[in-house]
$ cat data-v2.txt   # compact mmCIF, C-alpha atoms
# COMPACT_ATOMS: atom_id res chain seq x y z
CA MET X 287 37.58 -16.31 45.40
CA GLN X 288 35.04 -16.94 42.77
CA TYR X 289 32.57 -14.85 40.81
CA GLU X 290 29.23 -16.06 39.78
CA LEU X 291 27.92 -14.38 36.68
CA ARG X 292 24.22 -13.87 36.61
CA TYR X 293 22.03 -11.67 34.58
CA GLN X 294 19.39 -9.54 36.12
CA VAL X 295 16.21 -8.58 34.38
CA ILE X 296 15.39 -4.92 34.74
CA GLU X 297 11.77 -4.39 33.95
CA PRO X 298 11.31 -1.28 31.86
CA LYS X 299 8.92 1.19 33.44
CA ARG X 300 6.87 1.16 30.31
CA GLN X 301 7.02 -1.02 27.24
CA THR X 302 5.85 1.55 24.74
CA TYR X 303 4.51 5.09 24.36
CA GLN X 304 1.40 6.37 26.00
CA ASN X 305 -0.57 6.63 22.75
CA VAL X 306 -0.25 2.87 22.31
CA ILE X 307 -0.75 2.05 25.98
CA ASP X 308 -4.05 3.94 25.91
CA ARG X 309 -5.36 1.58 23.29
CA PHE X 310 -3.67 -1.76 23.78
CA GLY X 311 -2.26 -1.67 27.27
CA ASP X 312 1.39 -1.72 28.26
CA GLN X 313 2.99 -4.21 25.94
CA PRO X 314 5.71 -3.98 23.31
CA ALA X 315 4.26 -2.55 20.13
CA SER X 316 5.49 -2.15 16.59
CA ARG X 317 7.21 1.03 15.51
CA TYR X 318 4.39 1.50 13.06
CA LEU X 319 1.77 1.65 15.80
CA GLU X 320 3.93 3.88 17.97
CA ALA X 321 4.38 6.34 15.14
CA THR X 322 0.77 6.27 14.03
CA LEU X 323 -1.85 5.89 16.75
CA ASP X 324 -3.55 9.11 17.81
CA VAL X 325 -0.72 11.26 16.57
CA GLU X 326 -2.86 13.85 14.82
CA PRO X 327 -4.25 16.54 17.16
CA ARG X 328 -7.95 16.26 17.91
CA GLU X 329 -8.68 19.10 20.27
CA ASN X 330 -7.68 22.53 21.51
CA PHE X 331 -7.55 24.13 18.11
CA HIS X 332 -7.38 27.86 18.58
CA TYR X 333 -9.02 29.02 15.42
CA ARG X 334 -11.15 27.59 12.72
CA PRO X 335 -9.58 27.88 9.30
CA THR X 336 -10.33 31.28 7.77
CA TRP X 337 -11.22 29.57 4.52
CA ASP X 338 -13.72 27.24 6.14
CA GLN X 339 -15.52 28.56 9.19
CA HIS X 340 -17.61 25.46 9.65
CA ARG X 341 -14.83 22.98 10.10
CA GLU X 342 -11.85 22.54 12.38
CA LEU X 343 -8.27 22.47 11.18
CA TYR X 344 -8.39 18.70 11.33
CA ASP X 345 -11.92 17.55 10.93
CA ALA X 346 -13.63 14.30 9.99
CA ASP X 347 -16.14 16.32 7.98
CA TYR X 348 -13.82 17.03 5.09
CA THR X 349 -15.27 13.90 3.55
CA VAL X 350 -18.60 12.12 3.62
CA LEU X 351 -16.78 8.81 4.07
CA LYS X 352 -16.19 8.40 7.76
CA LEU X 353 -14.77 5.94 10.22
CA LYS X 354 -16.07 5.68 13.77
CA ASP X 355 -12.48 5.46 14.88
CA PRO X 356 -9.95 6.45 12.22
CA TYR X 357 -7.32 4.32 13.94
CA SER X 358 -9.41 1.20 13.50
CA TYR X 359 -7.85 1.34 10.05
CA THR X 360 -4.16 0.61 9.83
CA ASP X 361 -1.95 0.43 6.79
CA PRO X 362 -1.54 -3.28 5.96
CA ARG X 363 1.98 -2.49 4.75
CA GLN X 364 2.76 -0.81 8.08
CA PHE X 365 4.66 1.96 6.41
CA TYR X 366 5.99 4.79 8.47
CA TYR X 367 8.83 7.01 7.34
CA THR X 368 11.82 4.65 7.46
CA PRO X 369 10.39 1.46 5.94
CA TYR X 370 8.63 3.51 3.28
CA VAL X 371 11.77 5.37 2.26
CA THR X 372 13.91 2.24 2.31
CA ASN X 373 11.40 0.33 0.26
CA ARG X 374 11.01 3.02 -2.38
CA ALA X 375 14.74 3.78 -2.52
CA ASN X 376 15.34 0.14 -3.42
CA LEU X 377 12.65 0.30 -6.07
CA HIS X 378 14.21 3.36 -7.64
CA ASP X 379 17.70 1.87 -7.51
CA GLU X 380 16.41 -1.11 -9.43
CA PHE X 381 14.69 1.16 -11.89
CA THR X 382 17.87 3.19 -12.38
CA LYS X 383 19.81 0.03 -13.15
CA GLN X 384 17.15 -1.03 -15.60
CA MET X 385 17.28 2.35 -17.32
CA ALA X 386 21.07 2.22 -17.52
CA TYR X 387 20.74 -1.13 -19.22
CA LEU X 388 18.13 0.20 -21.64
CA GLU X 389 20.27 3.20 -22.50
CA GLU X 390 23.50 1.26 -22.83
CA ARG X 391 21.97 -1.08 -25.36
CA GLU X 392 19.89 1.68 -26.93
CA LEU X 393 16.91 -0.55 -26.56
CA LEU X 394 14.49 2.35 -26.45
CA ALA X 395 15.90 3.83 -29.66
CA LYS X 396 15.44 0.47 -31.33
CA LEU X 397 11.75 0.28 -30.51
CA PRO X 398 9.56 -0.36 -33.56
CA ALA X 399 8.05 2.87 -34.92
CA ALA X 400 4.51 2.02 -33.86
CA TRP X 401 5.63 1.44 -30.27
CA ARG X 402 7.51 4.70 -30.28
CA THR X 403 4.32 6.47 -31.27
CA VAL X 404 2.39 4.66 -28.56
CA LEU X 405 4.93 5.83 -26.02
CA THR X 406 4.89 9.48 -27.06
CA THR X 407 1.15 9.78 -27.61
CA ALA X 408 -0.27 7.56 -24.87
CA ILE X 409 2.27 6.63 -22.21
CA LEU X 410 4.54 9.65 -21.73
CA PRO X 411 1.65 12.13 -21.39
CA LEU X 412 0.51 10.05 -18.43
CA ARG X 413 3.17 11.74 -16.34
CA HIS X 414 0.79 14.67 -16.23
CA TYR X 415 -1.92 12.33 -15.09
CA GLU X 416 0.41 11.10 -12.33
CA SER X 417 1.07 14.67 -11.38
CA GLY X 418 -2.65 15.37 -11.08
CA ALA X 419 -3.12 12.20 -9.06
CA GLN X 420 -0.34 13.42 -6.80
CA MET X 421 -2.32 16.58 -6.07
CA VAL X 422 -5.37 14.50 -5.20
CA SER X 423 -3.28 12.39 -2.82
CA VAL X 424 -1.82 15.53 -1.27
CA GLY X 425 -5.41 16.65 -0.66
CA GLY X 426 -5.92 13.40 1.24
CA ALA X 427 -2.68 13.94 3.11
CA ARG X 428 -3.92 17.28 4.34
CA PHE X 429 -7.60 16.67 4.95
CA ALA X 430 -7.89 13.03 5.95
CA TYR X 431 -8.79 12.64 9.60
CA GLY X 432 -6.39 10.42 11.51
CA THR X 433 -2.72 9.71 10.97
CA SER X 434 -3.34 6.15 9.82
CA LEU X 435 -5.25 7.43 6.78
CA GLU X 436 -3.30 10.59 6.25
CA GLN X 437 0.12 9.00 6.12
CA CYS X 438 -1.02 6.49 3.49
CA CYS X 439 -2.11 9.45 1.35
CA THR X 440 1.20 11.20 1.93
CA PHE X 441 3.17 8.19 0.78
CA ALA X 442 0.85 7.73 -2.18
CA ALA X 443 1.50 11.36 -3.17
CA PHE X 444 5.26 10.80 -3.14
CA ASP X 445 4.76 7.58 -5.08
CA ARG X 446 2.92 9.49 -7.74
CA ILE X 447 5.77 11.93 -8.18
CA GLY X 448 8.06 8.91 -8.41
CA ASN X 449 5.89 7.40 -11.12
CA ALA X 450 5.89 10.67 -13.05
CA GLN X 451 9.68 10.75 -12.74
CA MET X 452 9.97 7.23 -14.06
CA LEU X 453 7.92 8.17 -17.10
CA SER X 454 9.97 11.34 -17.57
CA ARG X 455 13.20 9.39 -17.50
CA VAL X 456 11.87 7.00 -20.08
CA GLY X 457 10.91 10.00 -22.20
CA ILE X 458 14.36 11.53 -21.88
CA ALA X 459 16.05 8.24 -22.75
CA LEU X 460 13.71 7.77 -25.69
CA GLY X 461 14.49 11.31 -26.87
CA ALA X 462 18.24 10.53 -26.89
CA GLY X 463 18.97 12.44 -23.71
CA THR X 464 16.88 15.50 -24.50
CA GLY X 465 13.55 16.72 -23.18
CA ASP X 466 12.11 17.07 -26.67
CA LEU X 467 9.76 14.12 -26.40
CA LEU X 468 8.53 15.29 -23.03
CA GLN X 469 7.54 18.56 -24.67
CA VAL X 470 5.78 16.64 -27.41
CA ALA X 471 4.03 14.59 -24.75
CA LYS X 472 2.93 17.74 -22.96
CA ARG X 473 1.45 19.15 -26.16
CA GLU X 474 -0.34 15.86 -26.62
CA TRP X 475 -1.71 16.10 -23.09
CA LEU X 476 -2.94 19.64 -23.70
CA ASP X 477 -4.23 19.38 -27.25
CA SER X 478 -4.73 15.83 -28.45
CA GLU X 479 -8.32 14.77 -28.55
CA HIS X 480 -7.70 11.32 -27.18
CA LEU X 481 -6.22 12.68 -23.96
CA GLN X 482 -8.82 15.32 -23.20
CA PRO X 483 -11.29 13.05 -21.36
CA LEU X 484 -8.47 11.92 -19.05
CA ARG X 485 -7.17 15.44 -18.57
CA ARG X 486 -10.62 16.70 -17.77
CA PHE X 487 -11.15 13.81 -15.38
CA THR X 488 -7.88 14.52 -13.59
CA GLU X 489 -8.63 18.20 -13.26
CA GLU X 490 -12.11 17.59 -11.94
CA ALA X 491 -10.78 15.09 -9.42
CA MET X 492 -8.28 17.73 -8.33
CA VAL X 493 -10.95 20.31 -7.55
CA THR X 494 -13.38 17.90 -5.90
CA PRO X 495 -13.87 19.37 -2.43
CA ASP X 496 -14.23 15.94 -0.83
CA TRP X 497 -10.73 14.49 -0.64
CA ALA X 498 -11.91 10.89 -0.39
CA GLU X 499 -14.12 11.24 -3.43
CA GLY X 500 -11.15 12.50 -5.43
CA LEU X 501 -9.05 9.59 -4.21
CA VAL X 502 -11.66 7.00 -5.14
CA ALA X 503 -12.22 8.70 -8.51
CA VAL X 504 -8.53 8.56 -9.38
CA ASP X 505 -8.49 4.96 -8.26
CA LEU X 506 -11.25 4.21 -10.77
CA VAL X 507 -8.99 5.41 -13.58
CA ASP X 508 -5.97 3.65 -12.07
CA SER X 509 -7.77 0.33 -11.99
CA LEU X 510 -8.36 0.62 -15.73
CA ILE X 511 -5.13 2.19 -16.93
CA TYR X 512 -2.62 0.27 -14.85
CA PRO X 513 -3.75 -3.28 -15.63
CA VAL X 514 -4.38 -2.49 -19.29
CA LEU X 515 -1.38 -0.34 -20.23
CA TYR X 516 1.23 -1.65 -17.84
CA ARG X 517 0.34 -5.30 -17.75
CA GLU X 518 -1.73 -6.52 -20.68
CA LEU X 519 0.11 -4.29 -23.13
CA ASP X 520 3.36 -5.35 -21.55
CA GLU X 521 2.67 -8.95 -22.49
CA ILE X 522 2.02 -7.90 -26.08
CA ALA X 523 5.28 -5.94 -26.00
CA LEU X 524 7.25 -9.04 -25.14
CA THR X 525 5.99 -10.89 -28.19
CA SER X 526 6.26 -8.03 -30.64
CA GLY X 527 9.84 -6.90 -30.28
CA ALA X 528 9.31 -4.16 -27.71
CA GLY X 529 10.97 -5.76 -24.71
CA ALA X 530 12.17 -2.35 -23.57
CA TYR X 531 8.60 -1.37 -22.83
CA SER X 532 8.17 -4.40 -20.64
CA LEU X 533 11.33 -3.67 -18.68
CA PHE X 534 10.18 -0.36 -17.31
CA THR X 535 6.44 -0.95 -17.01
CA GLN X 536 6.98 -3.75 -14.54
CA TYR X 537 7.87 -1.13 -11.91
CA LEU X 538 4.66 0.74 -12.47
CA HIS X 539 2.71 -2.45 -12.28
CA THR X 540 4.47 -3.48 -9.09
CA TRP X 541 3.67 -0.08 -7.64
CA PHE X 542 0.02 -0.45 -8.50
CA LYS X 543 -0.17 -3.76 -6.64
CA ASP X 544 1.32 -2.02 -3.62
CA GLN X 545 -1.11 0.88 -3.89
CA ARG X 546 -4.02 -1.56 -3.98
CA LYS X 547 -3.00 -2.99 -0.63
CA TRP X 548 -3.71 0.09 1.44
CA LEU X 549 -6.48 1.53 -0.70
CA ASP X 550 -8.51 -1.67 -0.85
CA ALA X 551 -8.16 -2.06 2.89
CA LEU X 552 -9.34 1.52 3.38
CA ILE X 553 -12.33 1.14 1.09
CA LYS X 554 -13.21 -2.08 2.87
CA ALA X 555 -12.90 -0.34 6.24
CA TRP X 556 -15.23 2.43 5.09
CA ALA X 557 -17.78 -0.05 3.78
CA ALA X 558 -17.67 -2.21 6.90
CA ASP X 559 -17.58 0.54 9.53
CA GLY X 560 -19.83 -0.19 12.49
CA GLU X 561 -21.35 3.25 12.73
CA HIS X 562 -21.05 4.80 9.29
CA GLY X 563 -20.95 1.65 7.15
CA VAL X 564 -24.39 2.02 5.59
CA GLU X 565 -23.93 5.68 4.63
CA ASN X 566 -20.40 4.99 3.45
CA ARG X 567 -21.59 2.24 1.14
CA GLU X 568 -24.23 4.56 -0.29
CA HIS X 569 -21.70 7.33 -0.82
CA LEU X 570 -19.24 4.91 -2.39
CA SER X 571 -21.87 3.67 -4.84
CA ARG X 572 -22.76 7.24 -5.70
CA ILE X 573 -19.09 8.15 -6.24
CA VAL X 574 -18.54 5.12 -8.44
CA ALA X 575 -21.72 5.78 -10.40
CA THR X 576 -20.67 9.41 -10.98
CA TRP X 577 -17.05 8.89 -11.91
CA ASN X 578 -16.87 5.45 -13.42
CA PRO X 579 -18.45 6.29 -16.81
CA LEU X 580 -15.99 9.20 -17.15
CA ALA X 581 -13.06 7.03 -16.13
CA HIS X 582 -14.13 4.45 -18.62
CA GLU X 583 -14.43 7.01 -21.40
CA ALA X 584 -10.96 8.37 -20.61
CA ALA X 585 -9.38 4.93 -20.64
CA THR X 586 -11.19 3.88 -23.80
CA GLU X 587 -9.85 6.87 -25.73
CA LEU X 588 -6.33 5.89 -24.73
CA ALA X 589 -6.90 2.25 -25.59
CA ARG X 590 -8.21 3.23 -29.03
CA VAL X 591 -5.05 5.13 -29.83
CA VAL X 592 -2.94 2.16 -28.77
CA ASP X 593 -5.02 -0.21 -30.86
CA HIS X 594 -4.77 2.14 -33.80
CA GLN X 595 -0.97 1.92 -33.69
CA LEU X 596 -0.80 -1.73 -32.73
CA PRO X 597 -3.78 -3.46 -34.31
CA ASP X 598 -2.90 -6.80 -32.69
CA ALA X 599 -2.68 -5.42 -29.17
CA GLY X 600 -6.40 -5.77 -28.44
CA THR X 601 -6.22 -3.06 -25.80
CA VAL X 602 -9.87 -2.12 -26.07
CA ALA X 603 -10.82 -5.74 -25.48
CA ALA X 604 -8.44 -5.90 -22.52
CA LEU X 605 -10.08 -2.79 -21.15
CA ALA X 606 -13.51 -4.40 -21.34
CA ARG X 607 -12.23 -7.39 -19.35
CA THR X 608 -10.64 -5.12 -16.78
CA THR X 609 -13.82 -3.06 -16.48
CA ALA X 610 -15.90 -6.15 -15.79
CA ALA X 611 -13.48 -7.22 -13.06
CA ALA X 612 -13.40 -3.75 -11.51
CA GLU X 613 -17.17 -3.47 -11.49
CA GLN X 614 -17.49 -6.84 -9.81
CA ARG X 615 -15.07 -5.74 -7.16
CA TRP X 616 -17.07 -2.61 -6.46
CA ALA X 617 -20.36 -4.48 -6.37
CA GLN X 618 -18.83 -6.66 -3.67
CA VAL X 619 -17.64 -3.68 -1.65
CA THR X 620 -20.85 -1.72 -1.77
CA GLY X 621 -23.12 -4.74 -1.35
CA GLY X 622 -26.76 -3.92 -1.99
CA ALA X 623 -26.31 -0.16 -1.78
CA ALA X 624 -25.73 0.28 -5.52
CA MET M 433 -8.55 -36.83 30.16
CA SER M 434 -6.74 -36.95 33.43
CA ASP M 435 -3.12 -36.69 32.30
CA THR M 436 -1.94 -33.14 31.92
CA LEU M 437 -0.65 -31.86 28.62
CA ARG M 438 3.05 -31.31 28.49
CA GLN M 439 4.30 -27.82 27.95
CA VAL M 440 5.79 -26.93 24.62
CA GLY M 441 7.77 -23.80 24.16
CA ILE M 442 9.45 -21.60 21.60
CA ASP M 443 12.11 -19.02 22.33
CA ILE M 444 12.14 -16.18 19.86
CA GLN M 445 14.75 -13.51 19.55
CA GLU M 446 13.29 -10.13 20.37
CA SER M 447 13.33 -7.72 17.47
CA GLU M 448 11.04 -5.39 15.60
CA GLU M 449 10.40 -8.00 12.91
CA ASN M 450 9.74 -10.82 15.36
CA ARG M 451 7.22 -8.82 17.31
CA GLY M 452 4.71 -9.41 14.54
CA LEU M 453 5.47 -13.10 14.67
CA VAL M 454 4.87 -13.18 18.41
CA ALA M 455 1.63 -11.23 17.97
CA ALA M 456 0.46 -13.75 15.37
CA ILE M 457 1.30 -16.71 17.59
CA ARG M 458 -0.48 -15.00 20.45
CA ALA M 459 -3.57 -14.50 18.32
CA ASP M 460 -3.71 -18.11 17.14
CA ASN M 461 -2.97 -19.77 20.46
CA PRO M 462 -5.30 -18.52 23.14
CA GLU M 463 -3.70 -20.32 26.06
CA LEU M 464 -0.24 -18.98 25.85
CA THR M 465 2.19 -17.64 28.39
CA VAL M 466 4.63 -15.10 27.06
CA ARG M 467 7.65 -14.07 29.08
CA HIS M 468 10.00 -11.32 28.03
CA LEU M 469 13.65 -11.78 28.89
CA PRO M 470 16.38 -9.45 27.73
CA GLY M 471 16.58 -10.01 24.00
CA LEU M 472 14.35 -13.02 24.16
CA VAL M 473 10.66 -13.82 24.16
CA LYS M 474 9.78 -17.17 25.75
CA ILE M 475 6.47 -18.59 24.63
CA GLN M 476 4.92 -21.58 26.33
CA ALA M 477 1.66 -23.44 25.94
CA ALA M 478 0.22 -26.75 27.02
CA GLY M 479 -0.06 -29.30 24.23
CA GLN M 480 0.85 -27.42 21.12
CA ILE M 481 1.69 -24.13 19.49
CA VAL M 482 0.41 -23.35 16.02
CA ILE M 483 1.91 -20.76 13.69
CA ASN M 484 -0.16 -19.85 10.66
CA ARG M 485 1.48 -18.16 7.72
CA GLU M 486 -1.59 -16.05 7.03
CA SER M 487 -1.73 -14.62 10.54
CA VAL M 488 1.96 -13.79 10.49
CA GLU M 489 1.59 -12.07 7.11
CA ARG M 490 -1.32 -10.05 8.42
CA GLU M 491 0.73 -8.91 11.41
CA LEU M 492 3.85 -8.14 9.42
CA GLY M 493 2.09 -6.54 6.49
CA ARG M 494 4.19 -8.44 3.99
CA GLU M 495 4.63 -11.91 2.58
CA TRP M 496 6.22 -14.38 4.94
CA GLU M 497 7.54 -17.84 4.28
CA THR M 498 7.43 -20.41 7.00
CA GLY M 499 11.13 -20.96 6.40
CA GLU M 500 11.81 -17.53 7.88
CA PHE M 501 10.80 -19.00 11.21
CA GLN M 502 14.32 -20.42 11.34
CA LEU M 503 15.73 -16.91 11.52
CA ALA M 504 13.51 -15.95 14.42
CA ILE M 505 13.85 -18.83 16.84
CA VAL M 506 16.59 -19.37 19.37
CA SER M 507 15.40 -22.74 20.58
CA PHE M 508 12.25 -24.71 21.12
CA ALA M 509 10.90 -27.44 23.32
CA GLY M 510 8.77 -30.03 21.58
CA ASN M 511 8.76 -31.64 18.17
CA LEU M 512 8.05 -29.90 14.92
CA SER M 513 5.13 -32.12 14.11
CA GLU M 514 4.10 -30.20 11.05
CA TRP M 515 5.99 -27.74 8.88
CA ASP M 516 4.69 -26.87 5.47
CA ASP M 517 4.13 -23.73 3.42
CA ASP M 518 1.14 -22.61 5.44
CA ARG M 519 1.56 -23.83 8.97
CA ILE M 520 4.00 -24.85 11.64
CA ILE M 521 2.87 -26.92 14.62
CA VAL M 522 5.10 -27.56 17.60
CA LYS M 523 4.01 -30.36 19.94
CA TRP M 524 5.28 -33.47 21.66
CA GLU M 525 4.91 -36.60 19.61
CA HIS M 526 4.96 -39.92 21.39

$ encode --input "data-v2.txt" --output "structure tokens"
Amino acid sequence: MQYELRYQVIEPKRQTYQNVIDRFGDQPASRYLEATLDVEPRENFHYRPTWDQHRELYDADYTVLKLKDPYSYTDPRQFYYTPYVTNRANLHDEFTKQMAYLEERELLAKLPAAWRTVLTTAILPLRHYESGAQMVSVGGARFAYGTSLEQCCTFAAFDRIGNAQMLSRVGIALGAGTGDLLQVAKREWLDSEHLQPLRRFTEEAMVTPDWAEGLVAVDLVDSLIYPVLYRELDEIALTSGAGAYSLFTQYLHTWFKDQRKWLDALIKAWAADGEHGVENREHLSRIVATWNPLAHEAATELARVVDHQLPDAGTVAALARTTAAAEQRWAQVTGGAA
Amino acid sequence: MSDTLRQVGIDIQESEENRGLVAAIRADNPELTVRHLPGLVKIQAAGQIVINRESVERELGREWETGEFQLAIVSFAGNLSEWDDDRIIVKWEH
């Protein structure tokens, strides 16, 4: 006798979960969509929060920036737990290797004196800035309406802690394995005049009741500090015997590019929203008009200190270029609302 | 034109990664039939199938090189009439 081997197609009863089927019909969907769409509860809340009687536990009104449908926005990176963790674990592995290399060769100890001062007075204290920015992102993680927005904020918050850790590790390596320089950096953050505008900015962003406003405000500082300190200064470092600086800042710069991806898409979604677009653009212009001068002041103070130590660095000039670019970007986003 | 266009087809291995690729192809080629077999997605269209790098990148949320198409396909029917950094076109050429 003889067997004939055939395969039989068994149609699955459903291709994906109901939350996706409700929106896109029954077809195979990405894990990202399955884990994101309509996950946050919208109804049947028992009590309003005791600390805010006028809003629900999850409520679109925690910010003035609204989306008609929060799930019309999706993270362009499509991060949900697993890809996010894998991606960042790789980044930190790389960073650890880089640090091991720096420590083995004592490259940080061999930094020229002026660069060492720049690190302790301008760069290391920024771990406190990162920490503040983390709190702002956590605010977004809690109060943003819709999982697609909220999970981006959550990941951004963890990223910020990661950034602060990177800076701490550099500080420990620079201080020959001790936390001494981190303590110096903290004193700088608390007392030095050049860091007070940034500290004040961070603290005010932290207590801003509107989570989205805080997020955009911090982004205004980011878009000045990251390109100037971690990219432009990095190029100067390469030509002035401070290669060690370049080796670790590349991670921060890479992170910033990644951060831009979701945040730019979100800001664009706000500005282009079918129902709330006009108001959103007005609010965005107001937020930028309120916070940008402060952000600029904070970044300028930092740039001055760097230029004072490294007269050839031209950080203040780099800041002016970056500011022009950032303002152009915002003008495009907000259109005529400014 | 009276003569009918010949069908071209691409068979893509079914996986999480390739789903974005299929979605991008679907978006760029309106007249497409997609059949799901176990472990395989069979795509057919009359005339040609176009794959744009930009659409695939948008679907995947990361950078994608057209060379990665090699890793996704099982087989195809037609000729690769164009394959550069931005675009792949599958159609019959004669």

$ closest_atom_pairs --input "data-v2.txt" --of "chain M" --to "chain X" --cutoff "8 Å" --atoms "only C-alpha atoms" --output "tab-separated table"
residue	atom	partner	partner_atom	distance
M:Glu448	CA	X:Ser316	CA	6.5
M:Arg451	CA	X:Ser316	CA	6.9
M:Gly452	CA	X:Ser316	CA	7.6
M:Leu469	CA	X:Val295	CA	6.9
M:Pro470	CA	X:Val295	CA	6.7
M:Arg490	CA	X:Pro362	CA	7.2
M:Leu492	CA	X:Gln364	CA	7.5
M:Gly493	CA	X:Arg363	CA	4.4
M:Arg494	CA	X:Arg363	CA	6.4

$ residues_around --input "data-v2.txt" --residues "Leu580 in chain X" --least-positions-apart "6" --cutoff "9 Å" --atoms "all atoms listed in the file" --output "PyMOL selection string"
chain X and resi 483-484+487+507

$ residues_around --input "data-v2.txt" --residues "Glu446 in chain M" --least-positions-apart "3" --cutoff "6 Å" --atoms "only C-alpha atoms" --output "PyMOL selection string"
chain M and resi 471-473

$ residues_around --input "data-v2.txt" --residues "Gln476 in chain M" --least-positions-apart "2" --cutoff "7 Å" --atoms "only C-alpha atoms" --output "list of chain:residue names"
M:Gln439, M:Val440, M:Gly441, M:Ile442, M:Leu464, M:Thr465, M:Val466, M:Lys474

$ residues_near_point --input "data-v2.txt" --point "(4.1, 4.0, -16.9)" --cutoff "7 Å" --atoms "all atoms listed in the file" --output "list in words"
Ile409, Asn449, Leu453, Tyr516, Thr535 and Leu538 of chain X

$ closest_residue --input "data-v2.txt" --among "M:Ile444, M:Val488, M:Ile483, M:Ile521" --to "Val506 in chain M" --atoms "all atoms listed in the file"
M:Ile444

$ residues_around --input "data-v2.txt" --residues "Leu503 in chain M" --least-positions-apart "3" --cutoff "12 Å" --atoms "all atoms listed in the file" --output "ChimeraX atom specification"
/M:443-447,449-450,453,496-500,506-507

$ closest_residue --input "data-v2.txt" --among "M:Val454, M:Gln480, M:Thr436, M:Glu489" --to "Glu514 in chain M" --atoms "all atoms listed in the file"
M:Gln480

$ residues_around --input "data-v2.txt" --residues "Arg438 in chain M" --least-positions-apart "5" --cutoff "8 Å" --atoms "all atoms listed in the file" --output "PyMOL selection string"
chain M and resi 478-479+524

$ atom_distance --input "data-v2.txt" --atom1 "CA of Leu323 in chain X" --atom2 "CA of Tyr431 in chain X"
12.0 Å

$ atom_distance --input "data-v2.txt" --atom1 "CA of Lys352 in chain X" --atom2 "CA of Thr494 in chain X"
16.9 Å

$ build_atoms --input "data-v2.txt" --residues "range 364-368 of chain X" --atoms "all heavy atoms" --output "compact mmCIF listing (two decimals), keeping the file's coordinate frame"
# COMPACT_ATOMS: atom_id res chain seq x y z
N GLN X 364 2.11 -1.37 6.89
CA GLN X 364 2.76 -0.81 8.08
C GLN X 364 3.90 0.13 7.75
O GLN X 364 4.97 0.07 8.33
CB GLN X 364 3.27 -1.93 8.99
CG GLN X 364 2.18 -2.91 9.33
CD GLN X 364 2.54 -3.80 10.50
OE1 GLN X 364 3.56 -3.64 11.14
NE2 GLN X 364 1.67 -4.73 10.78
N PHE X 365 3.63 1.01 6.80
CA PHE X 365 4.66 1.96 6.41
C PHE X 365 4.65 3.18 7.32
O PHE X 365 3.63 3.84 7.49
CB PHE X 365 4.40 2.45 4.98
CG PHE X 365 4.99 1.55 3.93
CD1 PHE X 365 4.57 1.65 2.61
CD2 PHE X 365 5.96 0.61 4.25
CE1 PHE X 365 5.10 0.84 1.63
CE2 PHE X 365 6.49 -0.21 3.27
CZ PHE X 365 6.06 -0.09 1.96
N TYR X 366 5.76 3.47 7.93
CA TYR X 366 5.99 4.79 8.47
C TYR X 366 7.25 5.27 7.76
O TYR X 366 7.71 4.60 6.81
CB TYR X 366 6.12 4.79 10.00
CG TYR X 366 7.17 3.88 10.55
CD1 TYR X 366 8.41 4.37 10.93
CD2 TYR X 366 6.93 2.52 10.68
CE1 TYR X 366 9.38 3.53 11.42
CE2 TYR X 366 7.91 1.67 11.17
CZ TYR X 366 9.13 2.18 11.54
OH TYR X 366 10.10 1.35 12.00
N TYR X 367 7.82 6.39 8.18
CA TYR X 367 8.83 7.01 7.34
C TYR X 367 9.94 6.04 6.88
O TYR X 367 10.17 5.86 5.68
CB TYR X 367 9.44 8.21 8.08
CG TYR X 367 10.47 8.95 7.25
CD1 TYR X 367 10.06 9.86 6.29
CD2 TYR X 367 11.82 8.68 7.39
CE1 TYR X 367 10.98 10.52 5.51
CE2 TYR X 367 12.75 9.33 6.60
CZ TYR X 367 12.33 10.25 5.67
OH TYR X 367 13.25 10.87 4.89
N THR X 368 10.63 5.42 7.83
CA THR X 368 11.82 4.65 7.46
C THR X 368 11.54 3.47 6.51
O THR X 368 12.16 3.38 5.46
CB THR X 368 12.57 4.16 8.71
OG1 THR X 368 12.64 5.24 9.62
CG2 THR X 368 13.94 3.67 8.37
